[in-house]
Amino acid sequence: MSDLTITALRFGFLLLLWVLIFSIVSAMRRDLMVGRKAASGAPTQRQVRRNPDLAEAAPQPVKQQARQLVVVEGPLKGTTLPLAASPILLGRAQEATLVLEDDYASGRHARLFPQGSRWFIEDLGSTNGTYLADQQLTRALPVEPGVPVRIGKTVIELRP
Amino acid sequence: MSQLSTTPKPRRNVELALLLLALAVGIGANMLVGVDQEKAFDSDFWFQSSLLAVAALVFHGVLRFRAKYADPVILPLVVALNGLGLAMIHRLDAPDADTGNNQLRWTLIAMAVAIAVIWFLKDHRVLRRFTFISLAASALLLILPLIPGISAGEILGARVWIRLGPMTFQPGEVAKITLAIFFAGYLSSNRDLILLAGRKVGPLQFPRFKDMGPMITAWLVSIGVLIFQRDLGSSVLFFGLFIVMIYVATSRISWVVIGLALILGGGFAASRVFSHVELRISGWLNAFTPEVYGRSPGGSGQIVQGLFGMANGGLVGTGLGQGRPDLVPFANSDMIIASLGEELGLVGLFAVVLMYLLLFTRGFRAALGTRDAFGKLLACGLSFAVALQCFVVIGGVTRLIPLTGLTTPFLAAGGSSLLANWIIVGLLLMISHTARGPVDTTPLRPGEATESMGIDTPTEAVKHS
């Protein structure tokens with residue numbers, strides 16, 4: 001094989017190595033969903049800029065829906081959990097959606113579930129009770145974004 | 001902010017595309033090493049390439065079937081590294097040597113074991129049941145090379161091998177996995193105790209003396225490995241693993257301070273008492289002094305030869321199969337990074353280091369995503385162990401730190417290291433599967449919660465004062 005071919009193959013291989021790395025990084029970027037178009041069907045800012053009519057067509061919703069759950073106090077402070085359309089189990093059990101590392105929480109402490117456009121919280125017979133804005137829960141109640149929910153020493157909030 | 005996607009995507013097709021690219025790297029490297037000697041497409045090449053490709057695709061198929069939501073970039077990264085290592089070892093083989101095919105055999109065995117781990121374990125949380133069994137297993141694995149009869153004796157100054165029929169095996173490589181399982185299980189149950197008790201000195205909160213037990217144990221294990229097995233690298237690895245896991249579990253900097261103080265004290269004492277440690281350090285500091293270079297035990301010739309090789313490679317390398325990495329002792333195991341550096345140059349070596357970095361970030365991503373404390377700690381610990389091992393080896397070869405006898409994950413010739421690292425990959429894939437998959441929200445039947453996972457039901461949490 002000629003020297004030229006070998007040199008071409010040599011540099012081609014280095015290029016291939018870096019192509020692999022850049023493909024992996026771009027797969028990771030897509031994985032983090034940076035810059036993904038809003039999946040809600042609402043027009044993006046760029047679409048509105050191009051076509052001002054869309055802005056009127058999509059009025060701001062009266063009440064913003066909660067999109068994530070944030071732990072604001074307690075051992076897991078700072079943890080966030082995206083809210084999907086499925087209910088969320090809170091408690092110390094390893095099966096819980098959010099495993100609370102809180103000595104004052106029960107294994108299966110409370111359940112958050114969506115109904116219509118709102119999220120409800122329901123106590124699952126916990127020992128120490130669940131408090132919605134300092135009121136102990138006796139039945140399922142709707143949780144508005146920003147209202148603290150206390151479970152043991154943990155306080156969680158829904159955020160838009 | 002754009003809406004978060006609510007349905008997780010398996011992304012297995014992305015993995016398949018990346019995997020094909022990774023196989024192109026591995027097989028391309030294997031082809032290039034032969035181009036010069038006009039043996040590019042001999043039967044060895046076809047045999048090795050097709051076996052590697054089939055094994056990687058089978059692994060991919062198993063993931064499709066068993067761990068649909070596993071991270072799509074971990075497998076391609078590891079296959080690319082393993083393929084590069086295979087090509088380099090094949091290239092360095094003397095005409096009658098069989099290291100390349102032996103490495104391929106071990107790769108296949110290791111991949112089969114990793115597949116078995118994914119197939120049979122299904123959920124990493126099961127491992128939490130084996131917390132203390134893992135501790136016992138680690139102790140056993142570390143003691144095995146010292147037992148006469150099984151021990152393969154002292155090879156190259158270290159007693160870390162055991163004899164299994166015709167082969168030798170390094171049980172310490174597997175011990176890092178069992179130790180990570182023990183630390184993860186222990187720390188996820190006792191985290192609060194360690195976190196809450198203790199007295200404050202300035203900005204640091206120091207733990208109570210009785211909570212120091214596991215820390216002292218870890219220190220004793222690593223010092224014991226250093227004294228009895230004469231293995232500096234593993235000793236640093238085990239202790240680093242524990243410090244990181246306890247720091248991740250408690251986020252207290254005081255543990256890191258205590259840990260570093262202990263290891264520095266231990267290391268300093270060891271360098272005074274044991275000649276081999278002292279030789280390593282002087283070989284690192286004065287590598288280019290002629291008397292240190294040619295010294296018979298513990299000379300720096302190996303490191304310096306490696307440095308010369310990398311300098312010869314320069315920016316873009318001599319090209320695969322065209323350098324002389326075979327001049328360096330242990331060019332296919334300890335010094336494989338120097339061999340790759342010579343033939344692929346700085347550009348290629350950076351690509352290899354970046355692959356390790358990406359692998360490490362994916363391990364941590366799995367740890368962040370998974371929702372149980374045990375899984376978080378296990379993923380952190382395992383990916384950190386791989387990263388620390390890379391640092392210790394690559395740092396040693398490039399003379400950043402003293403050279404110690406650890407293996408380069410996935411690249412270096414050696415079956416036990418491959419096996420252990422592929423098991424780690426299996427565990428990380430499984431943890432990332434639970435981290436990225438949809439949350440299981442089907443209501444539990446009463447009693448199912450605790451029975452299915454074998455976790456002690458915590459006494460319901462009335463902890464009122």
# chains A, B, ... in the order shown; residues from 1 in each chain; ligands from 1
call {"tool": "residues_around", "arguments": {"residues": "region 260-264 of chain B", "least_positions_apart": "5", "cutoff": "10 Å", "atoms": "only C-alpha atoms", "output": "PyMOL selection string"}}
result
chain B and resi 215-216+219+222-223+235-236+239-240+243+254-255+269-270
call {"tool": "residues_around", "arguments": {"residues": "Asn312 (chain B)", "least_positions_apart": "4", "cutoff": "12 Å", "atoms": "only C-alpha atoms", "output": "list in words"}}
result
Gln305, Gly306, Leu307, Phe308, Val316, Gly317, Thr318, Gly319, Gln322, Gly323, Arg324, Pro325, Ala338, Ser339, Leu340, Gly341, Glu342, Glu343, Leu344, Gly345 and Leu346 of chain B
call {"tool": "closest_residue", "arguments": {"among": "B:Pro290, B:Gly283, B:Gly309, B:Gly437", "to": "Thr404 (chain B)", "atoms": "only C-alpha atoms"}}
result
B:Gly283
call {"tool": "closest_residue", "arguments": {"among": "B:Ala87, B:Leu32, B:Gly405, B:Ala53", "to": "Leu19 (chain B)", "atoms": "only C-alpha atoms"}}
result
B:Ala53
call {"tool": "atom_distance", "arguments": {"atom1": "CA of Ala84 (chain A)", "atom2": "CA of Pro438 (chain B)"}}
result
9.5 Å
call {"tool": "closest_atom_pairs", "arguments": {"of": "chain A", "to": "chain B", "cutoff": "6 Å", "atoms": "only C-alpha atoms", "output": "tab-separated table"}}
result
residue	atom	partner	partner_atom	distance
A:Arg10	CA	B:Gly319	CA	5.5
A:Ala38	CA	B:Ser2	CA	4.8
A:Ala84	CA	B:Thr6	CA	5.3
A:Asp103	CA	B:Ala461	CA	5.7
A:Tyr104	CA	B:Ala461	CA	4.8
A:Ala105	CA	B:Ala461	CA	5.7
A:Ser106	CA	B:Glu460	CA	5.5
call {"tool": "atom_distance", "arguments": {"atom1": "CA of Ala387 (chain B)", "atom2": "CA of Phe360 (chain B)"}}
result
6.4 Å
call {"tool": "residues_around", "arguments": {"residues": "Ala184 (chain B)", "least_positions_apart": "5", "cutoff": "8 Å", "atoms": "only C-alpha atoms", "output": "ChimeraX atom specification"}}
result
/B:128,131,245,374-375,377-378,381
